[in-house]
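Below is input.cif, holding mmCIF, C-alpha atoms.
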```cif
data_model
#
loop_
_atom_site.label_atom_id
_atom_site.label_comp_id
_atom_site.auth_asym_id
_atom_site.auth_seq_id
_atom_site.Cartn_x
_atom_site.Cartn_y
_atom_site.Cartn_z
CA MET A 4 -23.14 17.83 28.62
CA LYS A 5 -26.68 18.12 27.23
CA LYS A 6 -28.04 15.36 29.50
CA LEU A 7 -26.34 16.85 32.56
CA LEU A 8 -27.77 20.27 31.79
CA SER A 9 -31.26 18.84 31.39
CA VAL A 10 -31.04 16.98 34.70
CA ALA A 11 -29.75 20.11 36.44
CA LEU A 12 -32.75 22.10 35.25
CA GLY A 13 -35.11 19.44 36.56
CA VAL A 14 -33.38 19.44 39.95
CA THR A 15 -33.68 23.23 40.11
CA LEU A 16 -37.46 22.95 39.69
CA LEU A 17 -37.72 20.31 42.44
CA LEU A 18 -35.57 22.31 44.83
CA SER A 19 -37.62 25.43 44.26
CA ILE A 20 -40.74 23.48 45.31
CA ALA A 21 -39.12 21.71 48.26
CA GLY A 22 -37.60 24.95 49.49
CA CYS A 23 -41.02 26.32 50.37
CA GLY A 24 -41.00 24.24 53.54
CA GLU A 25 -44.64 23.26 53.06
CA GLU A 26 -46.19 19.97 52.08
CA LYS A 27 -47.36 20.81 48.59
CA MET A 28 -47.31 19.16 45.17
CA VAL A 29 -46.96 21.07 41.87
CA LEU A 30 -48.55 19.67 38.73
CA ILE A 31 -48.28 20.87 35.16
CA SER A 32 -51.75 21.88 33.97
CA ASP A 33 -53.16 22.44 30.51
CA THR A 34 -52.91 26.19 31.07
CA ASP A 35 -49.89 28.46 31.19
CA GLU A 36 -49.52 28.13 34.97
CA PRO A 37 -48.76 25.19 37.30
CA ILE A 38 -51.38 23.98 39.78
CA VAL A 39 -50.29 23.86 43.44
CA TRP A 40 -52.07 21.35 45.66
CA ASP A 41 -52.02 21.44 49.47
CA LEU A 42 -51.32 17.82 50.39
CA GLU A 43 -52.55 18.19 53.96
CA ASP A 44 -56.16 18.76 52.86
CA THR A 45 -56.27 16.87 49.56
CA ASP A 46 -56.80 13.25 48.58
CA THR A 47 -53.96 12.99 46.05
CA SER A 48 -54.54 9.46 44.80
CA GLU A 49 -56.71 10.54 41.87
CA VAL A 50 -54.58 13.60 41.22
CA LYS A 51 -51.37 11.56 41.09
CA GLU A 52 -52.90 9.06 38.67
CA THR A 53 -53.84 11.91 36.32
CA ALA A 54 -50.36 13.42 36.63
CA ASP A 55 -48.74 10.09 35.78
CA THR A 56 -50.83 9.64 32.62
CA ASP A 57 -52.20 12.77 30.95
CA ALA A 58 -49.42 15.12 32.07
CA ALA A 59 -46.75 12.65 31.02
CA ASP A 60 -48.33 11.87 27.66
CA ASP A 61 -48.59 15.46 26.41
CA ILE A 62 -44.81 16.02 26.56
CA LYS A 63 -43.92 12.81 24.70
CA PRO A 64 -44.41 14.15 21.11
CA PHE A 65 -42.00 16.99 21.94
CA ALA A 66 -39.40 15.10 23.99
CA GLY A 67 -36.23 14.26 22.07
CA TYR A 68 -33.17 15.68 20.37
CA TRP A 69 -34.02 17.91 17.42
CA GLN A 70 -32.04 19.70 14.74
CA ASN A 71 -32.70 22.84 12.66
CA ASP A 72 -30.37 22.82 9.67
CA GLU A 73 -31.36 26.31 8.54
CA LEU A 74 -30.34 27.89 11.84
CA SER A 75 -27.60 25.36 12.69
CA GLN A 76 -29.28 24.80 16.05
CA TRP A 77 -30.01 21.73 18.16
CA LEU A 78 -32.93 21.48 20.57
CA LEU A 79 -33.09 19.10 23.53
CA ILE A 80 -36.45 18.57 25.24
CA ASP A 81 -36.77 15.96 27.97
CA GLU A 82 -39.79 14.42 29.69
CA ASN A 83 -39.03 16.45 32.83
CA ARG A 84 -40.25 19.45 30.81
CA THR A 85 -36.91 21.18 30.52
CA PHE A 86 -35.26 22.30 27.29
CA ALA A 87 -31.94 23.59 26.00
CA VAL A 88 -30.97 25.06 22.61
CA PHE A 89 -27.39 24.67 21.36
CA ASN A 90 -25.51 26.37 18.54
CA ASP A 91 -23.06 24.69 16.18
CA TYR A 92 -20.25 25.32 18.67
CA ASP A 93 -22.13 23.09 21.17
CA GLU A 94 -22.76 26.12 23.39
CA PRO A 95 -26.15 26.49 25.13
CA ILE A 96 -28.03 29.49 23.70
CA VAL A 97 -31.02 29.34 26.02
CA THR A 98 -32.43 26.96 28.64
CA GLY A 99 -35.73 26.80 30.49
CA PHE A 100 -38.98 24.92 31.00
CA VAL A 101 -41.73 23.63 28.72
CA TRP A 102 -45.46 24.27 29.22
CA ILE A 103 -48.00 22.35 27.16
CA ASN A 104 -51.29 24.02 26.26
CA ASP A 105 -53.79 22.69 23.69
CA GLY A 106 -51.11 20.62 21.96
CA THR A 107 -48.63 23.50 21.72
CA ALA A 108 -45.33 23.49 23.59
CA LYS A 109 -44.33 26.87 24.95
CA LEU A 110 -40.59 27.11 25.67
CA VAL A 111 -40.08 29.58 28.54
CA ASP A 112 -36.59 30.85 29.34
CA GLY A 113 -35.09 31.61 32.74
CA ASN A 114 -36.51 35.16 32.67
CA GLY A 115 -40.05 33.88 32.22
CA ASP A 116 -40.19 35.01 28.58
CA THR A 117 -41.52 32.82 25.79
CA TYR A 118 -38.58 31.79 23.63
CA MET A 119 -40.51 29.68 21.13
CA GLU A 120 -43.86 27.98 20.58
CA LEU A 121 -43.86 24.60 18.86
CA ASP A 122 -46.49 22.42 17.23
CA VAL A 123 -46.11 18.82 16.06
CA SER A 124 -46.50 18.40 12.29
CA GLU A 125 -48.16 15.45 10.58
CA SER A 126 -44.69 14.03 9.85
CA GLY A 127 -43.73 14.21 13.54
CA ASP A 128 -41.39 17.20 13.19
CA LEU A 129 -41.65 20.24 15.43
CA LEU A 130 -42.71 23.52 13.78
CA ASP A 131 -41.93 26.96 15.19
CA LYS A 132 -45.31 28.74 15.15
CA ASN A 133 -43.60 32.10 14.58
CA ASP A 134 -41.58 31.41 11.42
CA MET A 135 -42.70 27.84 10.56
CA ARG A 136 -39.12 26.57 10.63
CA ALA A 137 -38.88 22.86 11.26
CA TYR A 138 -36.95 21.02 13.95
CA ARG A 139 -36.39 17.44 12.80
CA THR A 140 -34.98 14.46 14.66
CA ALA A 141 -31.24 15.14 14.94
CA THR A 142 -29.05 13.13 12.59
CA SER A 143 -25.78 14.85 13.50
CA GLU A 144 -24.05 16.60 16.37
CA PRO A 145 -22.81 20.21 16.62
CA SER A 146 -19.34 20.55 15.13
CA GLY A 147 -17.99 22.13 18.30
CA LYS A 148 -15.59 24.18 16.17
CA LYS A 149 -15.84 27.89 16.84
CA PRO A 150 -14.57 30.06 13.94
CA GLU A 151 -11.93 32.62 14.73
CA GLY A 152 -10.90 35.93 13.20
CA LEU A 153 -12.49 36.82 9.89
CA ASP A 154 -13.85 33.29 9.53
CA ALA A 155 -16.34 34.10 12.30
CA PHE A 156 -17.89 36.81 10.10
CA ALA A 157 -17.26 35.55 6.56
CA GLY A 158 -20.36 34.57 4.60
CA LYS A 159 -23.59 35.95 3.20
CA TRP A 160 -26.00 37.67 5.54
CA VAL A 161 -29.44 39.25 5.28
CA SER A 162 -31.39 41.78 7.31
CA GLU A 163 -35.05 41.16 6.53
CA GLU A 164 -35.95 44.28 8.50
CA LYS A 165 -33.68 46.55 6.40
CA ASP A 166 -34.16 44.49 3.21
CA ARG A 167 -30.42 44.40 2.51
CA TYR A 168 -27.62 41.88 2.23
CA ILE A 169 -23.97 41.83 3.25
CA GLU A 170 -21.29 39.55 1.86
CA ILE A 171 -18.07 39.34 3.87
CA LEU A 172 -15.15 37.57 2.24
CA SER A 173 -12.26 35.83 3.96
CA ASP A 174 -9.82 38.19 2.23
CA GLY A 175 -11.15 41.09 4.33
CA THR A 176 -13.38 42.75 1.74
CA TRP A 177 -17.15 43.18 1.89
CA HIS A 178 -20.10 44.15 -0.31
CA MET A 179 -23.55 45.42 0.62
CA TYR A 180 -26.53 44.75 -1.67
CA ASN A 181 -30.10 45.97 -1.87
CA ALA A 182 -33.09 43.65 -2.35
CA SER A 183 -32.49 43.65 -6.13
CA GLY A 184 -28.91 42.48 -5.78
CA ASP A 185 -27.35 45.84 -6.68
CA VAL A 186 -24.13 46.79 -4.88
CA ILE A 187 -24.88 49.83 -2.72
CA ASP A 188 -21.64 49.94 -0.72
CA GLU A 189 -18.36 48.05 -0.37
CA GLY A 190 -14.95 48.28 1.22
CA THR A 191 -12.62 46.51 3.62
CA ALA A 192 -13.14 45.01 7.06
CA SER A 193 -11.14 45.75 10.19
CA LEU A 194 -11.07 43.01 12.81
CA ARG A 195 -11.25 44.01 16.47
CA GLU A 196 -11.14 41.85 19.58
CA ASP A 197 -14.82 40.83 19.53
CA SER A 198 -16.21 42.60 16.48
CA LEU A 199 -15.71 43.49 12.83
CA VAL A 200 -15.85 47.06 11.50
CA LEU A 201 -16.92 47.58 7.89
CA ILE A 202 -15.03 50.49 6.30
CA ASP A 203 -16.10 52.03 3.00
CA GLY A 204 -13.93 53.24 0.13
CA MET A 205 -13.59 56.68 1.73
CA GLY A 206 -12.16 55.21 4.91
CA GLU A 207 -15.35 55.84 6.89
CA GLY A 208 -16.76 53.25 9.26
CA VAL A 209 -20.13 51.97 8.03
CA MET A 210 -21.06 49.64 10.87
CA GLU A 211 -19.59 47.45 13.59
CA LEU A 212 -20.75 43.83 13.70
CA GLU A 213 -20.68 41.35 16.57
CA ARG A 214 -21.21 37.59 16.39
CA THR A 215 -24.05 36.41 18.64
CA VAL A 216 -24.23 33.04 20.41
CA SER A 217 -26.98 32.00 18.00
CA GLY A 218 -24.58 32.46 15.07
CA ASP A 219 -26.10 35.67 13.69
CA LEU A 220 -24.43 39.06 13.27
CA PHE A 221 -25.67 42.08 15.20
CA THR A 222 -24.86 45.77 14.96
CA TRP A 223 -25.59 48.26 17.71
CA ASP A 224 -25.41 51.09 15.16
CA ASP A 225 -29.02 50.58 14.09
CA MET A 226 -29.95 47.60 16.30
CA THR A 227 -30.13 45.24 13.33
CA ASP A 228 -29.75 41.46 13.13
CA TYR A 229 -28.17 39.75 10.11
CA THR A 230 -28.90 36.07 9.63
CA PRO A 231 -27.09 33.62 7.32
CA VAL A 232 -28.46 33.27 3.80
CA ASP A 233 -27.49 30.90 0.99
CA GLU A 234 -27.75 33.31 -1.92
CA ILE A 235 -27.98 37.03 -2.61
CA PRO A 236 -30.72 38.09 -5.09
CA SER A 237 -29.60 39.01 -8.60
CA ASP A 238 -31.32 40.41 -11.68
CA ASP A 239 -29.28 38.07 -13.90
#
```
Target encoding structure tokens, full file:
Amino acid sequence: MKKLLSVALGVTLLLSIAGCGEEKMVLISDTDEPIVWDLEDTDTSEVKETADTDAADDIKPFAGYWQNDELSQWLLIDENRTFAVFNDYDEPIVTGFVWINDGTAKLVDGNGDTYMELDVSESGDLLDKNDMRAYRTATSEPSGKKPEGLDAFAGKWVSEEKDRYIEILSDGTWHMYNASGDVIDEGTASLREDSLVLIDGMGEGVMELERTVSGDLFTWDDMTDYTPVDEIPSDD
């Protein structure tokens, strides 16, 4: 599926160029924008030679199948300058095109927004310039198993923005902690069709959580993301 998706993205780019109805060639430059050459008035022999060498070489350190264990994500970048990110359920999270500028790969999604910027580390891994998380050569495949019911929400989660933690247990109970590991709220969880409502000891709803395609939890109540965490801080 990943290879087919990558090829499809490449075909989309070619069709968008051919659909103009004009005799033009688009090259990837070392800036954020492509260069469009009018073939009727241009000697393309030298241009094509440059495109076949320099433009092809700059993508090679990034091309491959990469894995981020911390986020449980897989990243596919091919030499046609397309990319796709998959979650552990083997579902595509985002797809788009890759621009190379000064040794940095900018991953641009279908809306034209920058999804991620990557550098190549000395060890050959890819580093996200935003959070310095590493994407290493993939050694495994996504499990393809999508959790259902409470299992989709069970675990330990952190909101770095709110500086708080939530632990949801498979028995339907939950605990909320502050940055020091003190319990600040707790109760039971009520499962809905596509979300989980946390209810406190007084029977009041605290927040409603949804599972995102990236594997995080999100609540519309205060527009907060909760990401998986291994441990919850403790004063012990």
Q | Surrounding residues of range 90-100 of chain A excluding itself and chain neighbours under 5 positions, 9 Å, all atoms listed in the file, as number ranges by chain | A | A: 5, 8-9, 12-13, 74-77, 80, 83-85, 109-115, 118, 144-150, 216-218
(Q) Just checking: using only C-alpha atoms, which residue out of A:Ala108, A:Val101, A:Val232, A:Leu78 ends up closest to Asp219 in chain A? (A)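 With only C-alpha atoms as the atom set, the closest residue is A:Val232.
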Hey, what's within 12 Å of Ser124 in chain A if we count only C-alpha atoms and toss same-chain stuff fewer than 2 positions away? As a compact mmCIF listing (two decimals) with C-alpha atoms, in the coordinates of the input, please?
```
# COMPACT_ATOMS: atom_id res chain seq x y z
CA PRO A 64 -44.41 14.15 21.11
CA PHE A 65 -42.00 16.99 21.94
CA GLY A 106 -51.11 20.62 21.96
CA THR A 107 -48.63 23.50 21.72
CA LEU A 121 -43.86 24.60 18.86
CA ASP A 122 -46.49 22.42 17.23
CA SER A 126 -44.69 14.03 9.85
CA GLY A 127 -43.73 14.21 13.54
CA ASP A 128 -41.39 17.20 13.19
CA LEU A 129 -41.65 20.24 15.43
CA LEU A 130 -42.71 23.52 13.78
CA ASP A 131 -41.93 26.96 15.19
CA LYS A 132 -45.31 28.74 15.15
CA MET A 135 -42.70 27.84 10.56
CA ARG A 136 -39.12 26.57 10.63
CA ALA A 137 -38.88 22.86 11.26
CA TYR A 138 -36.95 21.02 13.95
CA ARG A 139 -36.39 17.44 12.80
```
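Note that CA of Phe89 in chain A and CA of Asp154 in chain A are 19.9 Å apart.
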Q: One decimal, Å: what's the distance from CA of Gly204 in chain A over to CA of Thr230 in chain A, could you say?
A: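 It comes out at 24.7 Å.
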Q | Distance of CA of Glu73 in chain A from CA of Val209 in chain A, expressed in Å to one decimal place | A |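 Distance between the two atoms: 28.0 Å.
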Q.
I'd like to know which of A:Asp185, A:Asp134, A:Asp224, A:Glu82 is closest to Leu201 in chain A, using all atoms listed in the file.
A. A:Asp224
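By chain and then residue number, the residues within 10 Å of Ser183 in chain A are A:Asp166, A:Arg167, A:Tyr168, A:Ile235, A:Pro236, A:Ser237, A:Asp238, counting only C-alpha atoms and disregarding those fewer than 4 positions away in sequence.
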Q.
My list of candidates is A:Glu211, A:Asp203, A:Glu120, A:Asp61. Which is closest to Asp225 in chain A when distances are computed with all atoms listed in the file?
A.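 When distances to Asp225 in chain A are compared using all atoms listed in the file, the smallest one comes from A:Glu211.
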Report as a PDB file with C-alpha atoms, keeping the file's coordinate frame the residues that result from applying the PyMOL selection byres ((chain A and resi 160) around 10) to the structure here.
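Full text of selection-v5.pdb as output:
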```
ATOM      1  CA  PHE A 156     -17.890  36.810  10.100  1.00  0.00           C
ATOM      2  CA  ALA A 157     -17.260  35.550   6.560  1.00  0.00           C
ATOM      3  CA  GLY A 158     -20.360  34.570   4.600  1.00  0.00           C
ATOM      4  CA  LYS A 159     -23.590  35.950   3.200  1.00  0.00           C
ATOM      5  CA  VAL A 161     -29.440  39.250   5.280  1.00  0.00           C
ATOM      6  CA  SER A 162     -31.390  41.780   7.310  1.00  0.00           C
ATOM      7  CA  GLU A 163     -35.050  41.160   6.530  1.00  0.00           C
ATOM      8  CA  ARG A 167     -30.420  44.400   2.510  1.00  0.00           C
ATOM      9  CA  TYR A 168     -27.620  41.880   2.230  1.00  0.00           C
ATOM     10  CA  ILE A 169     -23.970  41.830   3.250  1.00  0.00           C
ATOM     11  CA  GLU A 170     -21.290  39.550   1.860  1.00  0.00           C
ATOM     12  CA  ILE A 171     -18.070  39.340   3.870  1.00  0.00           C
ATOM     13  CA  MET A 179     -23.550  45.420   0.620  1.00  0.00           C
ATOM     14  CA  ASP A 219     -26.100  35.670  13.690  1.00  0.00           C
ATOM     15  CA  LEU A 220     -24.430  39.060  13.270  1.00  0.00           C
ATOM     16  CA  ASP A 228     -29.750  41.460  13.130  1.00  0.00           C
ATOM     17  CA  TYR A 229     -28.170  39.750  10.110  1.00  0.00           C
ATOM     18  CA  THR A 230     -28.900  36.070   9.630  1.00  0.00           C
ATOM     19  CA  PRO A 231     -27.090  33.620   7.320  1.00  0.00           C
ATOM     20  CA  VAL A 232     -28.460  33.270   3.800  1.00  0.00           C
ATOM     21  CA  ASP A 233     -27.490  30.900   0.990  1.00  0.00           C
ATOM     22  CA  GLU A 234     -27.750  33.310  -1.920  1.00  0.00           C
ATOM     23  CA  ILE A 235     -27.980  37.030  -2.610  1.00  0.00           C
TER      24      ILE A 235
END
```
(Q) My list of candidates is A:Ala66, A:Ala192, A:Ile103, A:Ala141. Which is closest to Asp81 in chain A when distances are computed with all atoms listed in the file? (A)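 Checking each candidate against Asp81 in chain A, we get A:Ala66 as the closest.
In terms of minimum interatomic distance to Glu151 in chain A, A:Glu196 ranks closest within A:Asp116, A:Glu189, A:Glu196, A:Lys165, counting all atoms listed in the file.
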Q) Taking into account only C-alpha atoms, which residue in the set A:Arg214, A:Gly206, A:Thr176, A:Gly152 is nearest to Leu194 in chain A? A)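 Of the candidates, the smallest distance to Leu194 in chain A is held by A:Gly152.
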Please evaluate the PyMOL selection byres ((chain A and resi 213) around 8) against the displayed coordinates and give the resulting residues as a tab-separated table (two decimals) with C-alpha atoms, in the coordinates of the input.
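Result file expr_39.tsv:
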```
chain	number	residue	atom	x	y	z
A	197	ASP	CA	-14.82	40.83	19.53
A	198	SER	CA	-16.21	42.60	16.48
A	199	LEU	CA	-15.71	43.49	12.83
A	211	GLU	CA	-19.59	47.45	13.59
A	212	LEU	CA	-20.75	43.83	13.70
A	214	ARG	CA	-21.21	37.59	16.39
A	215	THR	CA	-24.05	36.41	18.64
A	220	LEU	CA	-24.43	39.06	13.27
A	221	PHE	CA	-25.67	42.08	15.20
A	222	THR	CA	-24.86	45.77	14.96
```
